[in-house]
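Let me begin by presenting the structure, written as structure tokens, before commenting on it.
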Amino acid sequence: MNINEARDLLWLAGGFYGLALLFGFFKPFKTEFHPFRETPLISIICGFIFHTRALYLRGLDVHGCPLGNTLERVQFILWSLIITYLILRILWRLNLLGTFCAGISMCAGWLTLSIASADNHYWLEDNYSRLFSDPWIELHASIAIFSYGIFSLLAVVCFMYIIQRQTLLSRKSNQLGSFLPPINDLEHASYRLLSVGVFFLTLSMIVGGMHWAKQPEFVTSSKLVITIALWLGYILLFLLRMGNKLFGSRFAKSCIALFFIAILSLSVVNSKTTDSKEENTSPNLTPTQSE
Amino acid sequence: MISPSTNTLHLLGSSHHTADLKAREKISLPPGHIDDFYSGLTKLPGLKECLLLNTCNRTEVYGASDSGNFSPQLLSQYFCDFRKLEPDFMKHHTYECSGEKVVQHLFEVTSGIDSQMVGETEILGQVKKAYDDACKRKVSGKILNRLFQKGFQAAKWARTNTGISKGQVNLGNVLCELARRIFGDMKKCRFLVIGAGDIAESAMEAFKSRGSQPITVTGRTFDWCPLSRRKPDELAEKFGGFALAYPEFQDSLHLFDVILTSTSSGKALIDYQQVQKCMKLRPSRPLFLIDSSVPRNIEENVSKLDNVFLYNMDDVSTIANENLKSRMDEVDRCRSALAKRAVQLWDQMRAYRSPPASINQSTAPLS
């Protein structure tokens with residue numbers, strides 16, 4: 001374990017998130033289990049500190065916001081998820097939400113770490129200079145990925161909504177249902193998270209759009225189409241929810257489905273065309289990012 | 001003070017374990033007789049401290065003596081005389097014990113595992129009240145003070161560390177717990193009761209105690225005439241709620257978050273179309289429907305609508321029974337843990353002839 005190595009720190013952060021998941025789940029259900037009361041939160045905070053340091057070290061390596069390969073993008077989304085949770089945690093006691101977030105961060109984090117191809121060392125290429133030559137593009141990418149973090153939290157909340165709904169509809173005594181937040185609160189929380197996520201995604205679209213207007217040759221048509229489609233998807237979801245046309249379980253399922261589409265589209269959005277590959281200084285960067 | 005060779009703690013009691021309701025009614029002390037009971041009890045030779053626990057389900061007399069001169073049979077004899085009961089009747093419907101068993105019994109009582117509704121918390125408040133009463137009368141001293149304070153600690157330990165109080169077992173409380181899982185803060189819940197059955201009353205009591213908004217009651221027998229009081233009007237008045245004219249309730253469904261039907265009309269009072277129409281007026285806010293009537297008053301297919309949660313009495317009873325079962329599974333574990341604590345306390349009481357003054361001072365409440 002090298003604390004100056006980003007990957008080692010990411011493994012460690014995942015371990016702390018795993019601890020938070022373990023303690024978070026055992027605490028309400030096992031009466032004879034008595035860890036320190038705030039153990040799950042402290043584990044999440046420790047994980048977040050290591051997570052932040054890992055991204056910082058990787059940022060130093062790539063000379064910019066680390067968003068150059070799948071591992072970095074997923075880790076940045078997970079980092080955004082945890083920081084959003086921690087900000088919300090200051091306002092409300094959301095222990096079980098933290099447990100769910102920690103679970104996702106551990107699983108997704110370790111999964112990407114265990115796939116070698118997800119973390120190609122593009123910055124070690126001979127002709128590599130830096131990830132983003134234009135700070136506006138760096139801002140666009142980081143805001144977009146931050147909004148993905150909020151959408152991932154939205155997906156977690158919607159998942160909790162569906163579990164709570166299922167436990168209520170099963171009409172049986174269910175311990176998990178007793179510890180989950182009320183279904184009405186989850187519905188409100190998901191609407192607010194969607195609003196915030198849509199705000200940040202729109203902001204990133206504006207910043208990216210300004211760059212695209214000046215240099216359209218650096219954005220592939222597939223990226224453009226998918227990005228706009230995804231943004232429209234979230235805008236549509238927001239408008240439907242605002243107009244009370246889509247709510248309850250269908251809204252929750254739509255949020256989760258759209259989030260999965262967004263995650264899957266990440267590879268397409270960040271893939272490059274043959275033409276752009278020749279233009280790129282590094283082989284795995286998006287045309288927009290690499291210039 | 002406590003000699004190892006003699007039992008200084010004594011208990012005479014009767015509860016649902018040994019006496020049916022009729023017998024308990026005979027044994028139970030009416031509130032007006034308690035002063036006389038205590039004054040006679042304190043005069044029993046050899047008895048230095050005493051405490052009466054008198055609830056709807058149990059009547060128990062705890063006593064402490066400082067020598068071997070006191071005979072526990074004196075308690076039974078005194079009780080028979082006071083309540084004018086036959087000794088055979090007393091023998092069949094009461095239990096007696098001394099020493100360590102008294103400690104263990106009290107721990108089981110305060111923690112709720114000896115209660116009819118296992119794990120209920122009301123008994124702890126009743127024991128505290130009985131203890132306060134004994135302290136005010138200055139009939140509880142060093143031994144009983146220590147015993148009861150330890151009993152309260154044992155109760156807290158049992159509720160925190162075992163699952164005996166987990167889940168609601170009372171139907172009204174189960175409904176409240178379900179409402180909490182749907183709406184969260186009960187203060188924002190608007191509750192409509194259609195009919196006036198026992199379940200309705202139990203639910204109203206539970207909702208009211210959790211601070212729900214004023215409850216609205218309607219029913220087929222509802223009558224505006226104040227001279228011809230019917231149950232729906234009485235219920236509304238009892239719980240400080242409102243009465244709604246029966247023909248109007250179907251157009252007002254969207255105004256309520258929780259709707260409970262408890263009538264014997266034998267037909268559906270709320271159908272799918274009505275709930276669908278109601279949900280169009282409150283699409284994103286859930287609706288909790290409780291059908292406690294047999295035959296049912298709410299069409300079952302309303303549960304297919306999004307954000308509508310329909311429960312009938314079978315569902316609620318199933319949840320209550322599952323919770324009770326999980327409590328029962330914890331009883332043995334709790335009992336053995338409390339037995340260990342009882343042995344520890346009894347050993348301490350025997351080891352220290354005179355308990356430290358600080359303990360006695362700190363444990364006795366100000367009278």
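Chain labels run A, B, ... following the order of the structure tokens; each chain numbers its residues from 1, and ligands are numbered from 1 in the order shown.
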
* **Residues within 9 Å of region 187-190 of chain A, only C-alpha atoms, excluding chain neighbours under 5 positions, as a ChimeraX atom specification** => /A:153-155,157-158,161,182,195,247-248,251-252,255 /B:284-285

Writing out the chosen residues with N, CA and C atoms as a PDB file, in the first residue's frame:
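File produced: part-v7.pdb:
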```
ATOM      1  N   LEU A 153     -26.924   9.983  -7.128  1.00  0.00           N
ATOM      2  CA  LEU A 153     -27.609  10.079  -5.830  1.00  0.00           C
ATOM      3  C   LEU A 153     -29.126  10.015  -6.035  1.00  0.00           C
ATOM      4  N   LEU A 154     -29.583  10.636  -7.104  1.00  0.00           N
ATOM      5  CA  LEU A 154     -31.013  10.577  -7.440  1.00  0.00           C
ATOM      6  C   LEU A 154     -31.431   9.121  -7.673  1.00  0.00           C
ATOM      7  N   ALA A 155     -30.569   8.378  -8.370  1.00  0.00           N
ATOM      8  CA  ALA A 155     -30.876   6.960  -8.629  1.00  0.00           C
ATOM      9  C   ALA A 155     -30.934   6.184  -7.316  1.00  0.00           C
ATOM     10  N   VAL A 157     -31.717   7.407  -4.339  1.00  0.00           N
ATOM     11  CA  VAL A 157     -32.962   7.801  -3.648  1.00  0.00           C
ATOM     12  C   VAL A 157     -34.163   7.099  -4.294  1.00  0.00           C
ATOM     13  N   CYS A 158     -34.165   7.046  -5.629  1.00  0.00           N
ATOM     14  CA  CYS A 158     -35.270   6.379  -6.332  1.00  0.00           C
ATOM     15  C   CYS A 158     -35.297   4.880  -6.030  1.00  0.00           C
ATOM     16  N   TYR A 161     -36.840   4.527  -2.809  1.00  0.00           N
ATOM     17  CA  TYR A 161     -38.289   4.728  -2.975  1.00  0.00           C
ATOM     18  C   TYR A 161     -38.946   3.410  -3.408  1.00  0.00           C
ATOM     19  N   PRO A 182     -39.561   7.927   4.852  1.00  0.00           N
ATOM     20  CA  PRO A 182     -40.938   7.820   4.356  1.00  0.00           C
ATOM     21  C   PRO A 182     -40.999   8.028   2.846  1.00  0.00           C
ATOM     22  N   SER A 195     -33.931  18.437  -9.909  1.00  0.00           N
ATOM     23  CA  SER A 195     -33.850  19.872 -10.235  1.00  0.00           C
ATOM     24  C   SER A 195     -32.400  20.348 -10.192  1.00  0.00           C
ATOM     25  N   PHE A 247     -44.898  10.649 -11.769  1.00  0.00           N
ATOM     26  CA  PHE A 247     -44.592  10.688 -10.334  1.00  0.00           C
ATOM     27  C   PHE A 247     -44.601   9.257  -9.805  1.00  0.00           C
ATOM     28  N   GLY A 248     -44.321   9.142  -8.539  1.00  0.00           N
ATOM     29  CA  GLY A 248     -44.395   7.829  -7.892  1.00  0.00           C
ATOM     30  C   GLY A 248     -43.398   6.837  -8.463  1.00  0.00           C
ATOM     31  N   PHE A 251     -41.940   7.455 -12.009  1.00  0.00           N
ATOM     32  CA  PHE A 251     -40.912   8.501 -11.996  1.00  0.00           C
ATOM     33  C   PHE A 251     -39.594   7.908 -11.485  1.00  0.00           C
ATOM     34  N   ALA A 252     -39.678   7.148 -10.398  1.00  0.00           N
ATOM     35  CA  ALA A 252     -38.470   6.543  -9.812  1.00  0.00           C
ATOM     36  C   ALA A 252     -37.800   5.605 -10.810  1.00  0.00           C
ATOM     37  N   CYS A 255     -36.093   7.579 -13.582  1.00  0.00           N
ATOM     38  CA  CYS A 255     -34.828   8.193 -13.135  1.00  0.00           C
ATOM     39  C   CYS A 255     -33.704   7.165 -13.143  1.00  0.00           C
TER      40      CYS A 255
ATOM     41  N   SER B 284     -49.121  13.548  -6.777  1.00  0.00           N
ATOM     42  CA  SER B 284     -47.821  13.127  -6.231  1.00  0.00           C
ATOM     43  C   SER B 284     -47.871  12.872  -4.727  1.00  0.00           C
ATOM     44  N   ARG B 285     -49.002  13.086  -4.103  1.00  0.00           N
ATOM     45  CA  ARG B 285     -49.103  12.830  -2.657  1.00  0.00           C
ATOM     46  C   ARG B 285     -49.769  11.464  -2.446  1.00  0.00           C
TER      47      ARG B 285
END
```

* So which bits of region 35-263 of chain B end up strand (DSSP E or B) when you DSSP the backbone, as a PyMOL selection string? -> chain B and resi 47-54+58-65+95-98+191-195+216-218+242-243+258-262

Restrict the calculation to only C-alpha atoms, then for each residue of chain B with any atom at most 7 Å from an atom of chain A give the closest atom pair and their distance in Å to one decimal, rows by chain and rising residue number, as a Markdown table.
```
| residue | atom | partner | partner_atom | distance |
| --- | --- | --- | --- | --- |
| B:Asn161 | CA | A:Thr31 | CA | 5.4 |
| B:Thr162 | CA | A:Thr31 | CA | 5.7 |
| B:Gly163 | CA | A:Thr31 | CA | 6.6 |
| B:Arg180 | CA | A:Pro182 | CA | 6.5 |
| B:Arg181 | CA | A:Pro182 | CA | 4.3 |
| B:Ile182 | CA | A:Ile183 | CA | 4.9 |
| B:Phe183 | CA | A:Asn184 | CA | 5.2 |
| B:Gly184 | CA | A:Pro182 | CA | 5.0 |
| B:Pro283 | CA | A:Asn244 | CA | 6.4 |
| B:Ser284 | CA | A:Phe247 | CA | 5.8 |
| B:Arg285 | CA | A:Asn184 | CA | 6.8 |
| B:Pro286 | CA | A:Asn184 | CA | 6.8 |
| B:Asp306 | CA | A:Gly248 | CA | 6.4 |
| B:Asn307 | CA | A:Gly248 | CA | 6.0 |
| B:Phe309 | CA | A:Leu169 | CA | 6.8 |
| B:Asp315 | CA | A:Arg171 | CA | 5.9 |
| B:Thr318 | CA | A:Lys172 | CA | 6.9 |
| B:Ile319 | CA | A:Ser173 | CA | 4.8 |
| B:Glu322 | CA | A:Ser173 | CA | 6.3 |
| B:Asn323 | CA | A:Ser173 | CA | 6.7 |
```

Write out as a short mmCIF file (atom, residue, chain, number, x, y, z; two decimals) with C-alpha atoms, in the first residue's frame each polymer residue whose atoms come within 9 Å of Leu230 (chain A), counting only C-alpha atoms; drop sequence neighbours fewer than 6 positions from it.
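Output saved as result.cif:
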```cif
data_model
loop_
_atom_site.label_atom_id
_atom_site.label_comp_id
_atom_site.auth_asym_id
_atom_site.auth_seq_id
_atom_site.Cartn_x
_atom_site.Cartn_y
_atom_site.Cartn_z
CA LEU A 258 -32.09 7.30 -17.47
CA ILE A 261 -28.42 5.13 -20.00
CA ALA A 262 -26.25 8.07 -18.94
CA SER A 265 -23.43 6.53 -22.82
#
```

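Proximity of B:Tyr272, B:Ser202, B:Pro247, B:Ala158 to Arg333 (chain B), computed with only C-alpha atoms, is greatest for B:Ala158.
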
* Surrounding residues of Glu122 (chain B) excluding itself and chain neighbours under 4 positions, 12 Å, only C-alpha atoms, as a PyMOL selection string -> chain B and resi 55-57+109-113+115-118+126-129+155+165

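Comparing the minimum interatomic distances between Val217 (chain B) and each of B:Ala236, B:Met328, B:Ala203, B:Cys176, counting only C-alpha atoms, we find that B:Ala236 sits nearest.
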
* May I have the residues within 9 Å of Asp271 (chain B) as an MDAnalysis selection string, using only C-alpha atoms and disregarding those fewer than 6 positions away in the same chain? => chainID B and resid 297:302

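Excluding region 211-215 of chain B and any residue on its chain fewer than 6 positions from it, the residues at most 6 Å away by only C-alpha atoms are B:Met186, B:Lys187, B:Cys189, B:Arg190, B:Phe191, B:Gly241.
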
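Take the candidates A:Leu96, A:Leu81, A:Ala229, A:Ile104 and check each one against Phe151 (chain A) using only C-alpha atoms; the shortest distance goes to A:Leu81.
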